file data_35.csv (CSV, C-alpha atoms)
chain,number,residue,atom,x,y,z
A,1,ASP,CA,-0.9,-12.8,43.1
A,2,LEU,CA,0.1,-9.5,41.5
A,3,ALA,CA,3.8,-10.3,41.4
A,4,GLY,CA,3.2,-12.9,38.7
A,5,ALA,CA,0.7,-10.8,36.7
A,6,ALA,CA,1.6,-10.0,33.1
A,7,GLY,CA,3.4,-6.6,33.0
A,8,ALA,CA,4.1,-6.6,36.7
A,9,GLY,CA,7.8,-6.9,36.2
A,10,ALA,CA,8.2,-4.4,33.4
A,11,ALA,CA,10.5,-1.3,33.9
A,12,GLY,CA,11.9,-2.5,37.3
A,13,GLY,CA,8.6,-3.2,39.0
A,14,VAL,CA,6.7,-0.1,37.8
A,15,GLY,CA,3.9,-2.4,36.6
A,16,PHE,CA,3.7,-4.2,39.9
A,17,ALA,CA,3.5,-0.8,41.7
A,18,ALA,CA,0.8,0.4,39.4
A,19,LEU,CA,-1.2,-2.7,39.9
A,20,SER,CA,-0.8,-3.0,43.7
A,21,VAL,CA,-0.7,0.6,44.8
A,22,LEU,CA,-2.7,2.5,42.2
A,23,GLY,CA,-5.2,-0.3,41.3
A,24,ALA,CA,-4.2,-0.1,37.6
A,25,THR,CA,-5.1,-2.6,35.0
A,26,ILE,CA,-2.7,-3.9,32.4
A,27,ARG,CA,-3.6,-4.0,28.8
A,28,PRO,CA,-1.7,-4.4,25.5
A,29,GLY,CA,-0.1,-1.1,24.4
A,30,ILE,CA,-1.4,-1.5,20.8
A,31,GLU,CA,-5.0,-1.5,22.2
A,32,LEU,CA,-4.3,1.8,24.0
A,33,VAL,CA,-2.6,3.4,21.0
A,34,LEU,CA,-5.4,2.4,18.6
A,35,GLU,CA,-8.0,3.7,21.0
A,36,LEU,CA,-6.1,7.0,21.4
A,37,VAL,CA,-5.8,7.6,17.6
A,38,GLY,CA,-9.4,6.7,17.0
A,39,PHE,CA,-8.5,3.8,14.7
A,40,ASP,CA,-11.9,2.1,14.8
A,41,ALA,CA,-13.6,5.3,13.6
A,42,VAL,CA,-11.1,5.6,10.7
A,43,LEU,CA,-11.9,2.1,9.6
A,44,THR,CA,-15.5,3.1,8.6
A,45,GLY,CA,-15.6,3.1,4.8
A,46,THR,CA,-12.1,1.8,4.5
A,47,ASP,CA,-11.4,-0.9,1.8
A,48,LEU,CA,-7.9,-2.0,2.9
A,49,VAL,CA,-5.5,-1.5,5.7
A,50,VAL,CA,-1.8,-1.5,5.1
A,51,THR,CA,0.5,-2.1,8.1
A,52,GLY,CA,4.1,-2.8,8.3
A,53,GLU,CA,7.1,-3.9,10.3
A,54,GLY,CA,10.8,-4.5,9.6
A,55,ALA,CA,10.4,-8.3,9.9
A,56,LEU,CA,7.3,-10.4,10.1
A,57,ASP,CA,8.4,-13.3,12.4
A,58,GLU,CA,7.4,-15.3,15.4
A,59,GLN,CA,7.9,-12.2,17.6
A,60,SER,CA,5.2,-10.4,15.5
A,61,LEU,CA,2.7,-13.0,16.7
A,62,ARG,CA,3.3,-12.0,20.3
A,63,GLY,CA,1.7,-8.5,20.3
A,64,LYS,CA,3.6,-6.4,17.7
A,65,VAL,CA,1.8,-3.6,15.9
A,66,PRO,CA,0.8,-5.4,12.7
A,67,VAL,CA,-1.0,-8.1,14.6
A,68,GLY,CA,-2.9,-5.6,16.8
A,69,VAL,CA,-3.8,-3.5,13.7
A,70,ALA,CA,-5.0,-6.7,11.9
A,71,ALA,CA,-7.2,-7.7,14.9
A,72,ALA,CA,-8.9,-4.3,15.0
A,73,ALA,CA,-9.4,-4.3,11.2
A,74,ARG,CA,-10.8,-7.8,11.4
A,75,ARG,CA,-13.4,-6.8,13.9
A,76,ALA,CA,-14.5,-4.1,11.4
A,77,GLY,CA,-14.4,-6.5,8.4
A,78,VAL,CA,-11.6,-4.7,6.7
A,79,PRO,CA,-8.8,-6.8,5.0
A,80,VAL,CA,-5.2,-6.2,6.0
A,81,VAL,CA,-2.0,-6.5,4.1
A,82,ALA,CA,1.5,-6.1,5.6
A,83,VAL,CA,4.6,-4.6,4.2
A,84,CYS,CA,7.9,-5.7,5.7
A,85,GLY,CA,11.6,-5.9,5.1
A,86,ARG,CA,11.6,-9.7,5.4
A,87,ARG,CA,9.0,-12.3,6.0
A,88,LEU,CA,9.6,-15.4,8.1
A,89,LEU,CA,5.9,-16.4,8.6
A,90,ASP,CA,4.0,-18.6,6.2
A,91,ASP,CA,0.6,-17.6,4.7
A,92,ALA,CA,-1.4,-19.7,7.2
A,93,ALA,CA,0.3,-18.0,10.2
A,94,LEU,CA,-0.4,-14.6,8.8
A,95,ARG,CA,-4.0,-15.4,8.0
A,96,ALA,CA,-4.5,-16.8,11.5
A,97,VAL,CA,-3.8,-13.3,12.9
A,98,GLY,CA,-5.8,-11.5,10.2
A,99,ILE,CA,-3.2,-10.5,7.7
A,100,GLU,CA,-4.4,-11.5,4.2
A,101,ARG,CA,-1.1,-11.1,2.5
A,102,ALA,CA,2.5,-9.9,3.2
A,103,TYR,CA,4.7,-8.0,0.8
A,104,ALA,CA,8.4,-8.2,1.6
A,105,LEU,CA,11.3,-6.1,0.3
A,106,THR,CA,13.3,-9.4,0.1
A,107,ASP,CA,10.7,-10.7,-2.4
A,108,ILE,CA,12.0,-8.1,-4.8
A,109,GLU,CA,15.7,-7.8,-3.7
A,110,PRO,CA,17.1,-10.8,-1.8
A,111,ASP,CA,20.2,-8.9,-0.5
A,112,PRO,CA,19.2,-7.3,2.8
A,113,SER,CA,21.9,-4.6,2.5
A,114,ARG,CA,20.5,-3.5,-0.8
A,115,CYS,CA,17.0,-3.6,0.8
A,116,VAL,CA,18.2,-1.1,3.4
A,117,ALA,CA,20.1,1.1,0.9
A,118,GLU,CA,17.3,1.1,-1.7
A,119,ALA,CA,14.3,0.9,0.7
A,120,GLY,CA,12.4,3.9,-0.9
A,121,PRO,CA,12.3,2.6,-4.5
A,122,LEU,CA,11.6,-1.0,-3.3
A,123,LEU,CA,8.7,0.2,-1.2
A,124,GLY,CA,7.4,2.1,-4.2
A,125,GLN,CA,7.4,-1.2,-6.2
A,126,LEU,CA,5.6,-3.0,-3.4
A,127,ALA,CA,3.0,-0.2,-3.2
A,128,GLY,CA,2.4,-0.7,-6.9
A,129,ARG,CA,1.9,-4.5,-6.4
A,130,ILE,CA,-0.5,-3.8,-3.5
A,131,ALA,CA,-2.5,-1.4,-5.6
A,132,THR,CA,-2.7,-3.8,-8.5
A,133,ASP,CA,-3.6,-6.8,-6.3
A,134,TRP,CA,-6.2,-5.0,-4.3
A,135,LEU,CA,-7.5,-2.2,-6.4
A,136,GLY,CA,-7.1,-3.8,-9.9
A,137,GLU,CA,-5.2,-2.6,-13.0
A,138,PRO,CA,-5.3,1.1,-13.7
A,139,GLU,CA,-7.6,2.1,-16.5
call {"tool": "encode", "arguments": {"input": "data_35.csv", "output": "structure tokens"}}
result
Amino acid sequence: DLAGAAGAGAAGGVGFAALSVLGATIRPGIELVLELVGFDAVLTGTDLVVTGEGALDEQSLRGKVPVGVAAAARRAGVPVVAVCGRRLLDDAALRAVGIERAYALTDIEPDPSRCVAEAGPLLGQLAGRIATDWLGEPE
């Protein structure tokens, strides 16, 4: 039954038409994007992947980019950390999808409006933390 297939109802039935008339297959968009950019090839020789999203929350676990990136990196044996504005998932939930650690702007600045207004400097601080945590102290 194609009418009940995942993606068949998207965009006013375009998915259903593609499945039934064109014989298309549905696959997660992140898989296609990672394939198109050659992500697996880029992972060769990589020590760490940094991915990000505005909020790491329950929606993130249902197919958002950081989880797709983490799955691809996990297959290659490369650790993944995430940068986000706010984090609503615990360590266990993140590790379950392949994200070793998350760094949130709200860890540095609890006021969301300041996080937005001062995103650049706060991201710089998080980048420093990531470098120290994963690459060690500078010599």
call {"tool": "closest_residue", "arguments": {"input": "data_35.csv", "among": "A:Pro66, A:Leu56, A:Ala119, A:Pro112", "to": "Leu89 (chain A)", "atoms": "only C-alpha atoms"}}
result
A:Leu56
call {"tool": "axis_aligned_box", "arguments": {"input": "data_35.csv", "around": "region 90-98 of chain A", "padding_each_side": "3 Å", "output": "lines of an AutoDock Vina configuration file"}}
result
center_x = -0.9
center_y = -15.6
center_z = 8.8
size_x = 15.8
size_y = 14.2
size_z = 14.2
call {"tool": "atom_distance", "arguments": {"input": "data_35.csv", "atom1": "CA of Ala72 (chain A)", "atom2": "CA of Phe39 (chain A)"}}
result
8.1 Å
call {"tool": "closest_residue", "arguments": {"input": "data_35.csv", "among": "A:Leu123, A:Val14, A:Val50, A:Cys115", "to": "Gly98 (chain A)", "atoms": "only C-alpha atoms"}}
result
A:Val50
call {"tool": "residues_near_point", "arguments": {"input": "data_35.csv", "point": "(-8.2, -1.0, 3.8)", "cutoff": "9 Å", "atoms": "all atoms listed in the file", "output": "PyMOL selection string"}}
result
chain A and resi 43+45-50+73+78-81
call {"tool": "write_last_selection", "arguments": {"input": "data_35.csv", "atoms": "C-alpha atoms", "output": "PDB file, keeping the file's coordinate frame"}}
result
ATOM      1  CA  LEU A  43     -11.900   2.100   9.600  1.00  0.00           C
ATOM      2  CA  GLY A  45     -15.600   3.100   4.800  1.00  0.00           C
ATOM      3  CA  THR A  46     -12.100   1.800   4.500  1.00  0.00           C
ATOM      4  CA  ASP A  47     -11.400  -0.900   1.800  1.00  0.00           C
ATOM      5  CA  LEU A  48      -7.900  -2.000   2.900  1.00  0.00           C
ATOM      6  CA  VAL A  49      -5.500  -1.500   5.700  1.00  0.00           C
ATOM      7  CA  VAL A  50      -1.800  -1.500   5.100  1.00  0.00           C
ATOM      8  CA  ALA A  73      -9.400  -4.300  11.200  1.00  0.00           C
ATOM      9  CA  VAL A  78     -11.600  -4.700   6.700  1.00  0.00           C
ATOM     10  CA  PRO A  79      -8.800  -6.800   5.000  1.00  0.00           C
ATOM     11  CA  VAL A  80      -5.200  -6.200   6.000  1.00  0.00           C
ATOM     12  CA  VAL A  81      -2.000  -6.500   4.100  1.00  0.00           C
TER      13      VAL A  81
END
call {"tool": "residues_around", "arguments": {"input": "data_35.csv", "residues": "region 100-108 of chain A", "least_positions_apart": "6", "cutoff": "6 Å", "atoms": "all atoms listed in the file", "output": "PDB file with C-alpha atoms, keeping the file's coordinate frame"}}
result
ATOM      1  CA  VAL A  80      -5.200  -6.200   6.000  1.00  0.00           C
ATOM      2  CA  VAL A  81      -2.000  -6.500   4.100  1.00  0.00           C
ATOM      3  CA  ALA A  82       1.500  -6.100   5.600  1.00  0.00           C
ATOM      4  CA  VAL A  83       4.600  -4.600   4.200  1.00  0.00           C
ATOM      5  CA  CYS A  84       7.900  -5.700   5.700  1.00  0.00           C
ATOM      6  CA  GLY A  85      11.600  -5.900   5.100  1.00  0.00           C
ATOM      7  CA  ARG A  86      11.600  -9.700   5.400  1.00  0.00           C
TER       8      ARG A  86
END
call {"tool": "atom_distance", "arguments": {"input": "data_35.csv", "atom1": "CA of Gly13 (chain A)", "atom2": "CA of Ile26 (chain A)"}}
result
13.1 Å
call {"tool": "closest_residue", "arguments": {"input": "data_35.csv", "among": "A:Leu94, A:Ile130, A:Leu122, A:Val116", "to": "Leu61 (chain A)", "atoms": "all atoms listed in the file"}}
result
A:Leu94
call {"tool": "atom_distance", "arguments": {"input": "data_35.csv", "atom1": "CA of Gly15 (chain A)", "atom2": "CA of Gly63 (chain A)"}}
result
17.5 Å
call {"tool": "closest_residue", "arguments": {"input": "data_35.csv", "among": "A:Asp111, A:Glu58, A:Asp40, A:Glu53", "to": "Gly77 (chain A)", "atoms": "only C-alpha atoms"}}
result
A:Asp40
call {"tool": "closest_residue", "arguments": {"input": "data_35.csv", "among": "A:Ala93, A:Val37, A:Leu126, A:Gly29", "to": "Gly52 (chain A)", "atoms": "only C-alpha atoms"}}
result
A:Leu126
call {"tool": "closest_residue", "arguments": {"input": "data_35.csv", "among": "A:Ala92, A:Ile99, A:Val21, A:Leu34", "to": "Arg74 (chain A)", "atoms": "only C-alpha atoms"}}
result
A:Ile99
call {"tool": "decode", "arguments": {"input": "data_35.csv", "residues": "region 67-117 of chain A", "atoms": "N, CA and C atoms", "output": "mmCIF file, in the first residue's frame"}}
result
data_model
loop_
_atom_site.group_PDB
_atom_site.id
_atom_site.type_symbol
_atom_site.label_atom_id
_atom_site.label_comp_id
_atom_site.auth_asym_id
_atom_site.auth_seq_id
_atom_site.Cartn_x
_atom_site.Cartn_y
_atom_site.Cartn_z
ATOM 1 N N VAL A 67 22.295 13.924 13.580
ATOM 2 C CA VAL A 67 22.186 12.481 13.784
ATOM 3 C C VAL A 67 22.613 11.732 12.522
ATOM 4 N N GLY A 68 22.263 12.225 11.357
ATOM 5 C CA GLY A 68 22.701 11.604 10.107
ATOM 6 C C GLY A 68 24.200 11.695 9.923
ATOM 7 N N VAL A 69 24.768 12.840 10.262
ATOM 8 C CA VAL A 69 26.228 13.018 10.190
ATOM 9 C C VAL A 69 26.904 12.059 11.161
ATOM 10 N N ALA A 70 26.356 11.958 12.378
ATOM 11 C CA ALA A 70 26.943 11.071 13.384
ATOM 12 C C ALA A 70 26.889 9.616 12.940
ATOM 13 N N ALA A 71 25.805 9.206 12.305
ATOM 14 C CA ALA A 71 25.691 7.822 11.836
ATOM 15 C C ALA A 71 26.753 7.523 10.773
ATOM 16 N N ALA A 72 26.951 8.448 9.850
ATOM 17 C CA ALA A 72 27.959 8.245 8.809
ATOM 18 C C ALA A 72 29.363 8.215 9.416
ATOM 19 N N ALA A 73 29.633 9.107 10.344
ATOM 20 C CA ALA A 73 30.953 9.142 10.976
ATOM 21 C C ALA A 73 31.187 7.901 11.824
ATOM 22 N N ARG A 74 30.150 7.426 12.484
ATOM 23 C CA ARG A 74 30.281 6.212 13.302
ATOM 24 C C ARG A 74 30.693 5.033 12.444
ATOM 25 N N ARG A 75 30.095 4.912 11.269
ATOM 26 C CA ARG A 75 30.459 3.812 10.359
ATOM 27 C C ARG A 75 31.932 3.870 9.982
ATOM 28 N N ALA A 76 32.496 5.077 9.956
ATOM 29 C CA ALA A 76 33.905 5.253 9.604
ATOM 30 C C ALA A 76 34.812 5.250 10.838
ATOM 31 N N GLY A 77 34.216 5.117 12.015
ATOM 32 C CA GLY A 77 35.001 5.091 13.238
ATOM 33 C C GLY A 77 35.545 6.442 13.674
ATOM 34 N N VAL A 78 34.887 7.521 13.248
ATOM 35 C CA VAL A 78 35.331 8.870 13.580
ATOM 36 C C VAL A 78 34.393 9.441 14.647
ATOM 37 N N PRO A 79 34.940 9.945 15.760
ATOM 38 C CA PRO A 79 34.075 10.519 16.791
ATOM 39 C C PRO A 79 33.412 11.815 16.321
ATOM 40 N N VAL A 80 32.244 12.103 16.913
ATOM 41 C CA VAL A 80 31.454 13.277 16.543
ATOM 42 C C VAL A 80 31.105 14.060 17.801
ATOM 43 N N VAL A 81 31.251 15.376 17.705
ATOM 44 C CA VAL A 81 30.734 16.277 18.736
ATOM 45 C C VAL A 81 29.768 17.233 18.045
ATOM 46 N N ALA A 82 28.850 17.759 18.835
ATOM 47 C CA ALA A 82 27.860 18.682 18.284
ATOM 48 C C ALA A 82 27.941 20.023 18.996
ATOM 49 N N VAL A 83 27.714 21.072 18.230
ATOM 50 C CA VAL A 83 27.602 22.428 18.748
ATOM 51 C C VAL A 83 26.144 22.833 18.543
ATOM 52 N N CYS A 84 25.562 23.443 19.567
ATOM 53 C CA CYS A 84 24.157 23.826 19.459
ATOM 54 C C CYS A 84 23.891 25.074 20.291
ATOM 55 N N GLY A 85 22.750 25.673 20.021
ATOM 56 C CA GLY A 85 22.332 26.803 20.830
ATOM 57 C C GLY A 85 21.904 26.350 22.206
ATOM 58 N N ARG A 86 21.050 25.315 22.211
ATOM 59 C CA ARG A 86 20.629 24.740 23.482
ATOM 60 C C ARG A 86 20.529 23.233 23.350
ATOM 61 N N ARG A 87 20.735 22.574 24.451
ATOM 62 C CA ARG A 87 20.761 21.118 24.478
ATOM 63 C C ARG A 87 19.685 20.623 25.426
ATOM 64 N N LEU A 88 18.785 19.802 24.895
ATOM 65 C CA LEU A 88 17.702 19.241 25.694
ATOM 66 C C LEU A 88 17.781 17.721 25.767
ATOM 67 N N LEU A 89 18.869 17.137 25.297
ATOM 68 C CA LEU A 89 19.078 15.689 25.343
ATOM 69 C C LEU A 89 20.197 15.376 26.325
ATOM 70 N N ASP A 90 20.056 14.266 27.033
ATOM 71 C CA ASP A 90 21.109 13.888 27.973
ATOM 72 C C ASP A 90 22.241 13.152 27.247
ATOM 73 N N ASP A 91 23.328 12.926 27.977
ATOM 74 C CA ASP A 91 24.508 12.288 27.379
ATOM 75 C C ASP A 91 24.181 10.927 26.781
ATOM 76 N N ALA A 92 23.357 10.133 27.477
ATOM 77 C CA ALA A 92 23.029 8.790 26.992
ATOM 78 C C ALA A 92 22.283 8.849 25.659
ATOM 79 N N ALA A 93 21.340 9.756 25.524
ATOM 80 C CA ALA A 93 20.588 9.880 24.265
ATOM 81 C C ALA A 93 21.509 10.295 23.127
ATOM 82 N N LEU A 94 22.430 11.195 23.415
ATOM 83 C CA LEU A 94 23.364 11.633 22.375
ATOM 84 C C LEU A 94 24.319 10.510 21.983
ATOM 85 N N ARG A 95 24.872 9.820 22.965
ATOM 86 C CA ARG A 95 25.789 8.711 22.650
ATOM 87 C C ARG A 95 25.091 7.613 21.866
ATOM 88 N N ALA A 96 23.804 7.386 22.157
ATOM 89 C CA ALA A 96 23.053 6.346 21.453
ATOM 90 C C ALA A 96 22.975 6.602 19.951
ATOM 91 N N VAL A 97 23.042 7.869 19.545
ATOM 92 C CA VAL A 97 22.995 8.197 18.117
ATOM 93 C C VAL A 97 24.377 8.543 17.566
ATOM 94 N N GLY A 98 25.425 8.362 18.374
ATOM 95 C CA GLY A 98 26.782 8.546 17.879
ATOM 96 C C GLY A 98 27.409 9.899 18.142
ATOM 97 N N ILE A 99 26.779 10.724 18.964
ATOM 98 C CA ILE A 99 27.366 12.024 19.312
ATOM 99 C C ILE A 99 28.036 11.878 20.670
ATOM 100 N N GLU A 100 29.352 11.997 20.672
ATOM 101 C CA GLU A 100 30.131 11.780 21.893
ATOM 102 C C GLU A 100 29.901 12.856 22.945
ATOM 103 N N ARG A 101 29.733 14.076 22.490
ATOM 104 C CA ARG A 101 29.560 15.179 23.422
ATOM 105 C C ARG A 101 28.894 16.347 22.700
ATOM 106 N N ALA A 102 28.111 17.121 23.442
ATOM 107 C CA ALA A 102 27.477 18.310 22.884
ATOM 108 C C ALA A 102 27.942 19.536 23.654
ATOM 109 N N TYR A 103 28.179 20.602 22.923
ATOM 110 C CA TYR A 103 28.605 21.889 23.465
ATOM 111 C C TYR A 103 27.530 22.902 23.115
ATOM 112 N N ALA A 104 26.882 23.457 24.133
ATOM 113 C CA ALA A 104 25.771 24.384 23.907
ATOM 114 C C ALA A 104 26.149 25.806 24.287
ATOM 115 N N LEU A 105 25.661 26.753 23.499
ATOM 116 C CA LEU A 105 25.863 28.160 23.846
ATOM 117 C C LEU A 105 25.293 28.460 25.227
ATOM 118 N N THR A 106 24.181 27.817 25.561
ATOM 119 C CA THR A 106 23.563 28.069 26.861
ATOM 120 C C THR A 106 24.387 27.524 28.021
ATOM 121 N N ASP A 107 25.400 26.702 27.736
ATOM 122 C CA ASP A 107 26.329 26.279 28.792
ATOM 123 C C ASP A 107 27.202 27.456 29.230
ATOM 124 N N ILE A 108 27.445 28.370 28.299
ATOM 125 C CA ILE A 108 28.283 29.537 28.573
ATOM 126 C C ILE A 108 27.427 30.723 29.003
ATOM 127 N N GLU A 109 26.322 30.930 28.272
ATOM 128 C CA GLU A 109 25.442 32.080 28.517
ATOM 129 C C GLU A 109 24.009 31.566 28.614
ATOM 130 N N PRO A 110 23.441 31.524 29.824
ATOM 131 C CA PRO A 110 22.099 30.961 29.977
ATOM 132 C C PRO A 110 20.966 31.780 29.362
ATOM 133 N N ASP A 111 21.193 33.038 29.053
ATOM 134 C CA ASP A 111 20.149 33.896 28.482
ATOM 135 C C ASP A 111 20.091 33.693 26.964
ATOM 136 N N PRO A 112 19.008 33.064 26.459
ATOM 137 C CA PRO A 112 18.915 32.796 25.013
ATOM 138 C C PRO A 112 19.039 34.044 24.140
ATOM 139 N N SER A 113 18.506 35.178 24.586
ATOM 140 C CA SER A 113 18.595 36.386 23.758
ATOM 141 C C SER A 113 20.045 36.850 23.633
ATOM 142 N N ARG A 114 20.823 36.684 24.671
ATOM 143 C CA ARG A 114 22.245 37.026 24.577
ATOM 144 C C ARG A 114 22.993 36.007 23.702
ATOM 145 N N CYS A 115 22.563 34.755 23.754
ATOM 146 C CA CYS A 115 23.177 33.745 22.887
ATOM 147 C C CYS A 115 23.010 34.130 21.421
ATOM 148 N N VAL A 116 21.841 34.633 21.071
ATOM 149 C CA VAL A 116 21.583 35.057 19.696
ATOM 150 C C VAL A 116 22.407 36.298 19.375
ATOM 151 N N ALA A 117 22.376 37.258 20.265
ATOM 152 C CA ALA A 117 23.074 38.529 20.020
ATOM 153 C C ALA A 117 24.591 38.371 20.007
#
